[in-house]
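Coordinates as given in entry.txt (compact mmCIF, C-alpha atoms and all ligand atoms):
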# COMPACT_ATOMS: atom_id res chain seq x y z
CA MET A 266 -10.85 9.20 16.03
CA THR A 267 -9.18 5.86 15.29
CA GLU A 268 -9.16 4.73 11.70
CA THR A 269 -11.46 1.86 10.72
CA THR A 270 -9.76 -1.00 8.89
CA ALA A 271 -11.54 -3.37 6.52
CA LEU A 272 -9.95 -6.61 5.35
CA ALA A 273 -10.94 -7.17 1.71
CA LEU A 274 -11.12 -10.45 -0.16
CA PHE A 275 -9.42 -9.51 -3.38
CA SER A 276 -9.76 -11.63 -6.51
CA GLY A 277 -8.11 -9.07 -8.77
CA GLY A 278 -11.30 -8.65 -10.82
CA LEU A 279 -13.19 -5.41 -11.38
CA ASP A 280 -15.68 -6.03 -8.55
CA SER A 281 -13.03 -6.53 -5.92
CA ILE A 282 -11.03 -3.50 -7.10
CA VAL A 283 -14.05 -1.23 -7.07
CA SER A 284 -15.35 -2.49 -3.73
CA CYS A 285 -12.01 -1.67 -2.10
CA ARG A 286 -12.07 1.80 -3.58
CA VAL A 287 -15.66 2.44 -2.47
CA MET A 288 -14.55 1.85 1.11
CA MET A 289 -11.33 3.82 0.74
CA GLU A 290 -13.33 6.74 -0.65
CA GLN A 291 -15.13 7.07 2.65
CA GLY A 292 -11.91 7.01 4.65
CA VAL A 293 -11.83 3.34 5.64
CA ARG A 294 -8.34 1.83 5.54
CA VAL A 295 -8.41 -1.27 3.34
CA LYS A 296 -6.02 -4.19 3.54
CA ALA A 297 -6.70 -6.56 0.67
CA VAL A 298 -5.84 -10.24 0.72
CA LYS A 299 -5.59 -12.43 -2.34
CA PHE A 300 -5.85 -16.11 -1.49
CA VAL A 301 -3.98 -18.48 -3.76
CA SER A 302 -4.09 -22.24 -4.27
CA PRO A 303 -2.92 -24.56 -7.06
CA PHE A 304 -6.31 -23.87 -8.72
CA PHE A 305 -6.13 -20.08 -8.76
CA GLY A 306 -3.35 -17.54 -8.47
CA TYR A 307 -0.57 -19.95 -7.45
CA GLU A 308 1.89 -18.59 -10.01
CA LEU A 309 1.80 -15.24 -8.19
CA LEU A 310 3.75 -16.72 -5.28
CA ALA A 311 6.83 -16.77 -7.51
CA ARG A 312 6.59 -12.98 -7.98
CA GLU A 313 4.74 -11.94 -4.87
CA GLN A 314 6.40 -8.57 -4.26
CA GLU A 315 6.14 -7.58 -7.92
CA HIS A 316 2.41 -8.34 -7.92
CA ILE A 317 1.84 -6.38 -4.72
CA GLU A 318 3.59 -3.39 -6.33
CA GLU A 319 1.52 -3.73 -9.52
CA VAL A 320 -1.75 -3.65 -7.57
CA ARG A 321 -0.56 -0.70 -5.51
CA ASN A 322 0.51 1.25 -8.60
CA GLN A 323 -2.51 0.42 -10.75
CA TYR A 324 -5.31 0.63 -8.20
CA GLY A 325 -3.84 2.23 -5.07
CA ILE A 326 -4.72 -0.91 -3.08
CA ASP A 327 -2.55 -2.38 -0.31
CA LEU A 328 -2.42 -6.13 -0.99
CA CYS A 329 -0.98 -9.28 0.53
CA LEU A 330 -1.07 -12.89 -0.69
CA ARG A 331 -2.03 -15.91 1.41
CA ASP A 332 -1.50 -19.49 0.35
CA VAL A 333 -4.46 -21.71 1.32
CA SER A 334 -3.37 -24.73 -0.71
CA ALA A 335 -3.37 -27.25 2.13
CA GLN A 336 -6.89 -26.42 3.33
CA TYR A 337 -8.19 -26.13 -0.22
CA ILE A 338 -6.83 -29.45 -1.47
CA LYS A 339 -8.46 -31.18 1.49
CA MET A 340 -11.81 -29.40 1.10
CA LEU A 341 -11.98 -30.21 -2.62
CA ARG A 342 -12.15 -33.94 -1.92
CA GLN A 343 -15.54 -33.67 -0.27
CA PRO A 344 -17.06 -30.20 -0.27
CA PRO A 345 -20.11 -30.29 2.04
CA HIS A 346 -22.22 -28.26 -0.42
CA GLY A 347 -21.13 -30.22 -3.46
CA TYR A 348 -19.77 -29.19 -6.82
CA GLY A 349 -21.12 -26.87 -9.49
CA LYS A 350 -21.34 -27.78 -13.15
CA ASN A 351 -17.73 -28.96 -13.16
CA PHE A 352 -15.40 -29.79 -10.25
CA ASN A 353 -15.93 -26.32 -8.76
CA PRO A 354 -16.97 -26.26 -5.12
CA CYS A 355 -17.93 -22.57 -5.27
CA ILE A 356 -19.99 -22.41 -2.06
CA ASP A 357 -17.41 -24.23 0.05
CA CYS A 358 -14.61 -22.32 -1.67
CA LYS A 359 -16.16 -19.07 -0.46
CA ILE A 360 -16.84 -20.47 2.99
CA LEU A 361 -13.20 -21.52 3.24
CA LEU A 362 -11.87 -18.16 2.04
CA PHE A 363 -14.14 -16.14 4.32
CA THR A 364 -13.24 -18.40 7.25
CA GLU A 365 -9.54 -17.79 6.57
CA ALA A 366 -10.12 -14.06 6.14
CA LYS A 367 -11.97 -13.90 9.45
CA LYS A 368 -8.97 -15.52 11.16
CA MET A 369 -6.76 -12.76 9.70
CA MET A 370 -8.83 -9.85 11.02
CA ALA A 371 -6.94 -9.59 14.32
CA GLU A 372 -3.59 -9.54 12.51
CA PHE A 373 -4.62 -6.36 10.66
CA ASN A 374 -6.77 -4.92 13.41
CA ALA A 375 -9.75 -5.05 11.04
CA SER A 376 -13.28 -4.32 12.21
CA LEU A 377 -14.99 -5.81 9.18
CA LEU A 378 -14.54 -7.91 6.07
CA ILE A 379 -15.50 -6.75 2.60
CA SER A 380 -15.96 -8.55 -0.69
CA GLY A 381 -16.94 -7.51 -4.19
CA GLU A 382 -19.85 -9.89 -4.62
CA VAL A 383 -23.01 -8.61 -6.28
CA ILE A 384 -26.32 -10.42 -5.84
CA GLY A 385 -27.49 -12.24 -8.94
CA GLN A 386 -24.14 -12.05 -10.68
CA ARG A 387 -23.27 -15.73 -10.64
CA PRO A 388 -25.75 -18.58 -10.79
CA MET A 389 -24.79 -20.57 -7.71
CA SER A 390 -22.63 -18.68 -5.28
CA GLN A 391 -24.15 -15.20 -5.56
CA ARG A 392 -27.83 -15.84 -5.01
CA LYS A 393 -29.29 -14.08 -1.99
CA ASP A 394 -29.93 -17.30 -0.03
CA THR A 395 -26.47 -18.62 -0.89
CA LEU A 396 -24.79 -15.45 0.31
CA ARG A 397 -26.62 -15.89 3.63
CA LEU A 398 -25.51 -19.51 3.86
CA ILE A 399 -21.87 -18.60 3.14
CA GLU A 400 -21.97 -15.91 5.85
CA ARG A 401 -23.47 -18.34 8.35
CA ASP A 402 -21.11 -21.25 7.68
CA SER A 403 -17.99 -19.08 7.68
CA GLY A 404 -19.01 -17.39 10.92
CA CYS A 405 -19.05 -14.01 9.16
CA ARG A 406 -22.66 -12.94 9.70
CA GLY A 407 -22.75 -9.28 10.62
CA ILE A 408 -19.07 -8.64 9.87
CA LEU A 409 -19.07 -9.21 6.12
CA LEU A 410 -20.01 -6.16 4.10
CA ARG A 411 -20.46 -6.20 0.34
CA PRO A 412 -20.05 -2.55 -0.64
CA LEU A 413 -21.42 -2.97 -4.18
CA CYS A 414 -24.79 -4.38 -3.10
CA ALA A 415 -24.87 -3.47 0.61
CA LYS A 416 -27.91 -1.23 0.34
CA SER A 417 -30.12 -4.17 -0.56
CA GLN A 418 -28.73 -6.20 2.38
CA PRO A 419 -29.40 -5.96 6.11
CA PRO A 420 -26.96 -3.50 7.74
CA THR A 421 -23.76 -5.00 9.10
CA GLN A 422 -22.37 -4.27 12.55
CA ALA A 423 -19.90 -1.75 11.12
CA GLU A 424 -22.76 0.22 9.55
CA GLU A 425 -24.81 0.11 12.75
CA ASP A 426 -21.81 1.25 14.78
CA GLY A 427 -21.29 4.19 12.42
CA LEU A 428 -17.85 2.97 11.25
CA VAL A 429 -19.14 2.83 7.68
CA ASP A 430 -21.55 5.27 6.05
CA ARG A 431 -24.30 3.12 4.52
CA ASP A 432 -25.46 6.02 2.36
CA ARG A 433 -22.19 5.87 0.44
CA LEU A 434 -22.56 2.17 -0.38
CA HIS A 435 -24.35 0.76 -3.43
CA ASP A 436 -27.19 -1.47 -4.55
CA LEU A 437 -25.91 -3.03 -7.75
CA TYR A 438 -27.65 -6.17 -8.94
CA GLY A 439 -27.22 -8.83 -11.61
CA ARG A 440 -24.76 -9.79 -14.27
CA GLY A 441 -24.24 -6.41 -15.98
CA ARG A 442 -21.00 -4.59 -15.26
CA GLN A 443 -22.13 -1.07 -16.10
CA GLY A 444 -22.40 0.01 -12.47
CA GLN A 445 -18.94 -1.30 -11.64
CA ILE A 446 -17.44 0.27 -14.79
CA ALA A 447 -19.02 3.63 -13.91
CA LEU A 448 -17.57 3.44 -10.40
CA ALA A 449 -14.16 2.49 -11.79
CA ALA A 450 -14.29 5.52 -14.09
CA LYS A 451 -15.13 7.73 -11.12
CA PHE A 452 -11.98 6.43 -9.38
CA GLY A 453 -9.89 7.02 -12.51
CA ILE A 454 -9.44 3.31 -13.18
CA ASP A 455 -9.69 2.29 -16.84
CA ASP A 456 -7.26 -0.62 -17.10
CA PHE A 457 -9.20 -3.17 -15.09
CA PRO A 458 -9.01 -6.86 -16.10
CA ALA A 459 -11.56 -8.37 -18.49
CA PRO A 460 -14.01 -10.74 -16.79
CA ALA A 461 -12.17 -13.97 -16.15
CA GLY A 462 -13.58 -17.37 -17.03
CA GLY A 463 -13.18 -18.39 -13.38
CA CYS A 464 -10.58 -20.65 -11.88
CA VAL A 465 -9.30 -23.89 -13.37
CA LEU A 466 -11.98 -25.83 -11.47
CA THR A 467 -14.65 -24.37 -13.75
CA ASP A 468 -12.82 -25.42 -16.92
CA PRO A 469 -14.73 -28.41 -18.32
CA ILE A 470 -11.63 -30.28 -19.51
CA LYS A 471 -9.14 -29.49 -16.74
CA SER A 472 -11.70 -30.00 -14.00
CA LYS A 473 -12.38 -33.52 -15.33
CA GLN A 474 -8.65 -34.27 -15.16
CA ILE A 475 -8.47 -32.94 -11.63
CA SER A 476 -11.52 -34.92 -10.56
CA ARG A 477 -10.01 -38.09 -12.02
CA TYR A 478 -6.76 -37.36 -10.24
CA TYR A 479 -8.63 -37.04 -6.93
CA ASP A 480 -10.23 -40.46 -7.59
CA GLU A 481 -6.83 -42.02 -8.23
CA GLU A 482 -4.71 -40.39 -5.52
CA ALA A 483 -5.38 -40.71 -1.81
CA ASP A 484 -2.59 -38.33 -0.78
CA ILE A 485 -2.40 -35.29 -3.05
CA GLN A 486 0.83 -33.29 -3.02
CA ILE A 487 1.10 -29.77 -4.43
CA PRO A 488 4.04 -30.41 -6.84
CA ASP A 489 2.21 -33.39 -8.35
CA LEU A 490 -1.03 -31.46 -8.64
CA LEU A 491 0.71 -28.59 -10.41
CA MET A 492 2.40 -31.00 -12.82
CA MET A 493 -0.83 -32.88 -13.46
CA MET A 494 -2.54 -29.65 -14.53
CA THR A 495 0.19 -28.67 -16.99
CA GLY A 496 0.66 -29.84 -20.56
CA ARG A 497 0.27 -33.29 -22.14
CA GLN A 498 0.35 -36.15 -19.66
CA PHE A 499 1.69 -39.68 -20.06
CA THR A 500 2.13 -42.64 -17.69
CA LEU A 501 5.06 -44.65 -19.01
CA PRO A 502 5.22 -48.47 -18.86
CA ASN A 503 7.67 -48.61 -15.92
CA GLY A 504 5.89 -46.07 -13.74
CA GLY A 505 7.52 -42.89 -15.08
CA TRP A 506 5.29 -39.83 -15.36
CA LEU A 507 5.88 -37.41 -18.22
CA ALA A 508 4.38 -33.94 -18.65
CA MET A 509 5.27 -31.86 -21.70
CA GLY A 510 4.40 -28.39 -22.92
CA ARG A 511 1.75 -28.24 -25.63
CA GLU A 512 2.98 -24.95 -27.02
CA ALA A 513 6.16 -22.90 -26.76
CA ASP A 514 4.46 -20.63 -24.20
CA GLU A 515 3.88 -23.54 -21.88
CA ASN A 516 7.48 -24.79 -21.91
CA PRO A 517 8.88 -22.37 -19.30
CA LYS A 518 6.00 -23.28 -16.98
CA VAL A 519 6.77 -26.97 -17.39
CA ALA A 520 10.45 -26.33 -16.64
CA SER A 521 9.58 -24.31 -13.54
CA LEU A 522 7.72 -27.27 -12.03
CA ALA A 523 10.74 -29.59 -11.91
CA GLU A 524 11.50 -30.94 -8.46
CA ALA A 525 14.68 -32.59 -7.16
CA ASP A 526 14.94 -36.08 -8.72
CA ASP A 527 12.98 -35.03 -11.82
CA LEU A 528 14.63 -34.89 -15.22
CA LEU A 529 14.00 -32.25 -17.86
CA LEU A 530 14.05 -33.09 -21.57
CA GLN A 531 14.37 -30.79 -24.56
CA MET A 532 15.26 -31.21 -28.25
CA GLU A 533 18.79 -30.30 -29.25
CA GLU A 534 18.52 -29.29 -32.91
CA ARG A 535 14.95 -28.15 -33.56
CA PRO A 536 12.09 -26.54 -31.62
CA GLY A 537 10.02 -28.90 -29.52
CA PRO A 538 8.37 -29.37 -26.17
CA THR A 539 10.07 -29.13 -22.81
CA ALA A 540 9.14 -32.17 -20.71
CA ILE A 541 9.48 -33.26 -17.09
CA LEU A 542 10.03 -36.89 -16.26
CA ARG A 543 9.05 -37.77 -12.68
CA ARG A 544 9.58 -41.17 -11.07
CA GLY A 545 11.34 -42.07 -14.28
CA SER A 546 14.46 -43.81 -13.02
CA HIS A 547 13.93 -46.82 -15.30
CA PRO A 548 16.23 -46.43 -18.35
CA GLU A 549 13.50 -47.70 -20.66
CA ASP A 550 11.15 -44.93 -19.52
CA LEU A 551 13.82 -42.32 -20.23
CA LYS A 552 14.12 -43.66 -23.79
CA TYR A 553 10.35 -43.60 -24.24
CA ALA A 554 10.24 -40.05 -22.87
CA ALA A 555 12.90 -38.93 -25.36
CA GLY A 556 10.94 -40.61 -28.18
CA LEU A 557 7.83 -38.69 -27.16
CA VAL A 558 9.70 -35.38 -27.12
CA VAL A 559 10.90 -36.07 -30.68
CA ARG A 560 7.38 -37.10 -31.69
CA TYR A 561 5.96 -33.73 -30.59
CA ALA A 562 8.90 -31.63 -31.85
CA ARG A 563 8.55 -29.58 -35.03
CA LYS A 564 8.74 -31.78 -38.10
CA SER A 565 10.76 -30.87 -41.16
CA SER A 566 9.49 -32.11 -44.52
CA SER A 567 12.95 -32.95 -45.84
CA GLY A 568 15.12 -33.43 -42.76
CA PRO A 569 15.56 -36.52 -40.62
CA THR A 570 12.81 -37.65 -38.31
CA VAL A 571 15.28 -38.76 -35.68
CA GLY A 572 16.38 -36.17 -33.16
CA THR A 573 18.74 -35.64 -30.26
CA VAL A 574 17.11 -35.02 -26.90
CA ASN A 575 19.09 -33.31 -24.16
CA ILE A 576 18.50 -34.53 -20.62
CA PHE A 577 18.94 -32.01 -17.80
CA THR A 578 19.01 -32.54 -14.07
CA ASP A 579 17.28 -29.28 -13.16
CA GLN A 580 16.03 -25.94 -14.45
CA GLN A 581 19.41 -24.22 -14.04
CA THR A 582 21.28 -26.75 -16.17
CA LEU A 583 18.51 -26.36 -18.76
CA ILE A 584 18.97 -22.58 -18.77
CA ASP A 585 22.76 -23.00 -18.97
CA ASN A 586 22.31 -25.66 -21.67
CA GLU A 587 24.47 -28.16 -19.82
CA PRO A 588 22.81 -31.52 -20.41
CA MET A 589 23.98 -34.48 -18.37
CA LYS A 590 23.19 -36.79 -21.24
CA GLN A 591 21.91 -36.92 -24.82
CA ILE A 592 19.68 -39.50 -26.46
CA LEU A 593 19.43 -39.86 -30.24
CA THR A 594 16.09 -41.43 -31.07
CA GLU A 595 13.25 -41.91 -33.56
CA PRO A 596 9.88 -40.34 -32.78
CA LEU A 597 7.76 -42.78 -30.82
CA ALA A 598 4.93 -44.21 -32.92
CA ASP A 599 1.42 -43.05 -31.99
CA GLU A 600 0.06 -46.59 -31.64
CA ILE A 601 2.69 -47.31 -28.99
CA PHE A 602 2.06 -44.32 -26.74
CA LYS A 603 -1.69 -43.75 -27.18
CA PRO A 604 -2.52 -46.05 -24.24
CA TRP A 605 -0.11 -44.10 -22.05
CA GLN A 606 -1.93 -40.81 -22.44
CA ARG A 607 -3.78 -39.53 -19.38
S1 LIG B 701 -14.86 -20.24 -9.53
FE1 LIG B 701 -13.20 -21.24 -8.39
S2 LIG B 701 -12.31 -19.58 -7.13
FE2 LIG B 701 -14.32 -18.88 -7.81
S3 LIG B 701 -15.72 -19.45 -6.17
FE3 LIG B 701 -15.77 -21.11 -7.66
S4 LIG B 701 -14.25 -22.59 -6.95
FE4 LIG B 701 -13.85 -20.63 -5.89

Once more with this new file: its structure as structure tokens, please.
Ligand code: SF4
Amino acid sequence: MTETTALALFSGGLDSIVSCRVMMEQGVRVKAVKFVSPFFGYELLAREQEHIEEVRNQYGIDLCLRDVSAQYIKMLRQPPHGYGKNFNPCIDCKILLFTEAKKMMAEFNASLLISGEVIGQRPMSQRKDTLRLIERDSGCRGILLRPLCAKSQPPTQAEEDGLVDRDRLHDLYGRGRQGQIALAAKFGIDDFPAPAGGCVLTDPIKSKQISRYYDEEADIQIPDLLMMMTGRQFTLPNGGWLAMGREADENPKVASLAEADDLLLQMEERPGPTAILRRGSHPEDLKYAAGLVVRYARKSSSGPTVGTVNIFTDQQTLIDNEPMKQILTEPLADEIFKPWQR
């Protein structure tokens, strides 16, 4: 008998892990796909193979990543079903991801799609009527099986065709995680991730920034979007755009976002933020940027307030500490730069 393959939408959370394992337990081959966009999971693209290995080793799940940034950025401008409490288009997000997953079924010879959703778990996107709507608008009616709550749903084609044993599926409901935790324990999984707060689009502060950015920019590019979502933001008087790490942890991320033509700035003699200057070819903007880096660098009670800022052309010269230029400057006064903050 030929093996049945299910393509799983994999978020990396407990529900998606357990739903894959429920299917695998009954002999269904599962290929999991994690969709990424600048709003969720994008950083994984930089260590794709490592992440795939981690998921295989921790959960025994065969994963691949797919980048849906282009489609997602476009959809976010005008999601047909609107936004949630913040700038989160949860219904259209799911429709988009299921639509993309459906397109991938032939590639993996999959007979069905699975996802870890549980009815009643999330206010908007996991109500019974919303789940129906998402299935309809993504063209997935009858092929999308939700193993954790399948028993309270109409049977899918795969169940009717005998490819999946409905008796070995579940009827979990609501926000509690006890059922999922019990299943995880049964599969020997005890290091599952804590419930996440959702993607960046559900963050009240960041989602406002992103929404504002959508209002301002007609043509959104991924490198700009990534920079806009990282660190403190300033628009300098001559059109330069500066982003700087808020904390030491954020500095490597800032550095990793530098594109050709950007400059990187970092303090020479004391700890401080790493900053990217984009579209900052005006010499005055470079001086302002250096003044801002000194302003946000660690202060010493006795030492000088002035500081030397190293200017690098790219991430490698920053790592090698080979600045192309140095600027000795005072910290920029707050009343000067406050109007430049975004
Ligand atoms: S929280 Fe974010 S990733 Fe999750 S469904 Fe909503 S928009 Fe999509």

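With distances restricted to all atoms listed in the file, A:Phe352 is the closest residue to ligand LIG 701 (chain B) from A:Phe352, A:Phe373, A:Tyr479, A:Tyr324.
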
Within 8 Å of A:Met288, counting all atoms listed in the file, which residues qualify if same-chain residues fewer than 6 places away don't, as a list in words?
-> Arg294, Val295 and Pro412 of chain A

Could you list, as a compact mmCIF listing (two decimals) with C-alpha atoms, in the coordinates of the input, all protein and nucleic acid residues with an atom at most 6 Å from ligand LIG 701 (chain B), counting all atoms listed in the file?
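To be explicit, this is the file written out as selection13.txt:
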# COMPACT_ATOMS: atom_id res chain seq x y z
CA ASN A 353 -15.93 -26.32 -8.76
CA PRO A 354 -16.97 -26.26 -5.12
CA CYS A 355 -17.93 -22.57 -5.27
CA CYS A 358 -14.61 -22.32 -1.67
CA LYS A 359 -16.16 -19.07 -0.46
CA GLY A 463 -13.18 -18.39 -13.38
CA CYS A 464 -10.58 -20.65 -11.88
CA LEU A 466 -11.98 -25.83 -11.47
CA THR A 467 -14.65 -24.37 -13.75

List every protein, DNA or RNA residue that has at least one atom no more than 12 Å from (3.8, -7.6, -4.3) in the file's coordinates, counting only C-alpha atoms, and write the result as a PyMOL selection string.
-> chain A and resi 297-299+309-322+326-331

Save the residues we just selected, C-alpha atoms, as a compact mmCIF listing (two decimals), in the coordinates of the input?
# COMPACT_ATOMS: atom_id res chain seq x y z
CA ALA A 297 -6.70 -6.56 0.67
CA VAL A 298 -5.84 -10.24 0.72
CA LYS A 299 -5.59 -12.43 -2.34
CA LEU A 309 1.80 -15.24 -8.19
CA LEU A 310 3.75 -16.72 -5.28
CA ALA A 311 6.83 -16.77 -7.51
CA ARG A 312 6.59 -12.98 -7.98
CA GLU A 313 4.74 -11.94 -4.87
CA GLN A 314 6.40 -8.57 -4.26
CA GLU A 315 6.14 -7.58 -7.92
CA HIS A 316 2.41 -8.34 -7.92
CA ILE A 317 1.84 -6.38 -4.72
CA GLU A 318 3.59 -3.39 -6.33
CA GLU A 319 1.52 -3.73 -9.52
CA VAL A 320 -1.75 -3.65 -7.57
CA ARG A 321 -0.56 -0.70 -5.51
CA ASN A 322 0.51 1.25 -8.60
CA ILE A 326 -4.72 -0.91 -3.08
CA ASP A 327 -2.55 -2.38 -0.31
CA LEU A 328 -2.42 -6.13 -0.99
CA CYS A 329 -0.98 -9.28 0.53
CA LEU A 330 -1.07 -12.89 -0.69
CA ARG A 331 -2.03 -15.91 1.41

Which protein, DNA or RNA residues have an atom at most 12 Å from (-17.8, -8.4, 8.5), counting only C-alpha atoms? List them as JSON, numbers by chain.
-> {"A": [270, 271, 272, 273, 274, 363, 364, 366, 367, 368, 369, 370, 375, 376, 377, 378, 379, 380, 400, 401, 403, 404, 405, 406, 407, 408, 409, 410, 411, 412, 415, 420, 421, 422, 423, 424, 425, 428, 429]}

Please produce a file of the residues just selected, as a compact mmCIF listing (two decimals), in the frame of the given file, where the atoms kept are C-alpha atoms.
# COMPACT_ATOMS: atom_id res chain seq x y z
CA THR A 270 -9.76 -1.00 8.89
CA ALA A 271 -11.54 -3.37 6.52
CA LEU A 272 -9.95 -6.61 5.35
CA ALA A 273 -10.94 -7.17 1.71
CA LEU A 274 -11.12 -10.45 -0.16
CA PHE A 363 -14.14 -16.14 4.32
CA THR A 364 -13.24 -18.40 7.25
CA ALA A 366 -10.12 -14.06 6.14
CA LYS A 367 -11.97 -13.90 9.45
CA LYS A 368 -8.97 -15.52 11.16
CA MET A 369 -6.76 -12.76 9.70
CA MET A 370 -8.83 -9.85 11.02
CA ALA A 375 -9.75 -5.05 11.04
CA SER A 376 -13.28 -4.32 12.21
CA LEU A 377 -14.99 -5.81 9.18
CA LEU A 378 -14.54 -7.91 6.07
CA ILE A 379 -15.50 -6.75 2.60
CA SER A 380 -15.96 -8.55 -0.69
CA GLU A 400 -21.97 -15.91 5.85
CA ARG A 401 -23.47 -18.34 8.35
CA SER A 403 -17.99 -19.08 7.68
CA GLY A 404 -19.01 -17.39 10.92
CA CYS A 405 -19.05 -14.01 9.16
CA ARG A 406 -22.66 -12.94 9.70
CA GLY A 407 -22.75 -9.28 10.62
CA ILE A 408 -19.07 -8.64 9.87
CA LEU A 409 -19.07 -9.21 6.12
CA LEU A 410 -20.01 -6.16 4.10
CA ARG A 411 -20.46 -6.20 0.34
CA PRO A 412 -20.05 -2.55 -0.64
CA ALA A 415 -24.87 -3.47 0.61
CA PRO A 420 -26.96 -3.50 7.74
CA THR A 421 -23.76 -5.00 9.10
CA GLN A 422 -22.37 -4.27 12.55
CA ALA A 423 -19.90 -1.75 11.12
CA GLU A 424 -22.76 0.22 9.55
CA GLU A 425 -24.81 0.11 12.75
CA LEU A 428 -17.85 2.97 11.25
CA VAL A 429 -19.14 2.83 7.68

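When all atoms listed in the file are used to compute distances to A:Ala335, the closest of the residues A:Pro536, A:Pro303, A:Gly278, A:Gly427 turns out to be A:Pro303.
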
Could you work out how far atom CA of A:Lys552 lies from atom CA of A:Leu529, giving the answer in Å with one decimal?
-> 12.9 Å

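Atom CA of A:Ile487 is found 26.9 Å from atom CA of A:Asn575.
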
Counting all atoms listed in the file, the residue of A:Leu557, A:Ile576, A:Ala525, A:Ala540 that sits nearest A:Met509 = A:Ala540

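For the set A:Ala562, A:Leu507, A:Ala523, A:Leu434, the residue with the smallest atom-to-atom gap to A:Leu542 is A:Leu507, counting all atoms listed in the file.
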
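Coordinates place atom CA of A:Leu501 at a distance of 9.3 Å from atom CA of A:Pro604.
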
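Residue nearest A:His435, chosen from A:Ala554, A:Val283, A:Ile475, A:Ile592 and counting all atoms listed in the file: A:Val283.
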
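Minimum distance to A:Asp432 across A:Ile282, A:Leu530, A:Ala450, A:Val287 (counting all atoms listed in the file) occurs at A:Val287.
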
Tell me which protein, DNA and RNA residues are within 6 Å of A:Pro596, counting only C-alpha atoms, leaving out same-chain ones fewer than 2 positions away, and put them as a PyMOL selection string.
-> chain A and resi 556+559-560

Please identify all polymer residues within 9 Å of A:Thr570, counting only C-alpha atoms, omitting same-chain residues fewer than 2 positions from it, and present them as a ChimeraX atom specification.
-> /A:559-560,564-568,572,594-596

Residue neighbourhood A:Ser476, 12 Å, all atoms listed in the file, exclusion window fewer than 4 positions, as a ChimeraX atom specification = /A:338,341-343,348,351-354,465-472,480-482,485,490,493-494

Exercise: A:Gly441 partners within 10 Å, all atoms listed in the file, chain neighbours under 5 positions left out, as a list in words | Gly385, Gln386 and Ile446 of chain A

Residue subset to file, keeping C-alpha atoms, as a JSON list (two decimals), in the frame of the given file:
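After the write, selection_14.json holds the following:
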[["chain", "number", "residue", "atom", "x", "y", "z"],
["A", 385, "GLY", "CA", -27.49, -12.24, -8.94],
["A", 386, "GLN", "CA", -24.14, -12.05, -10.68],
["A", 446, "ILE", "CA", -17.44, 0.27, -14.79]]
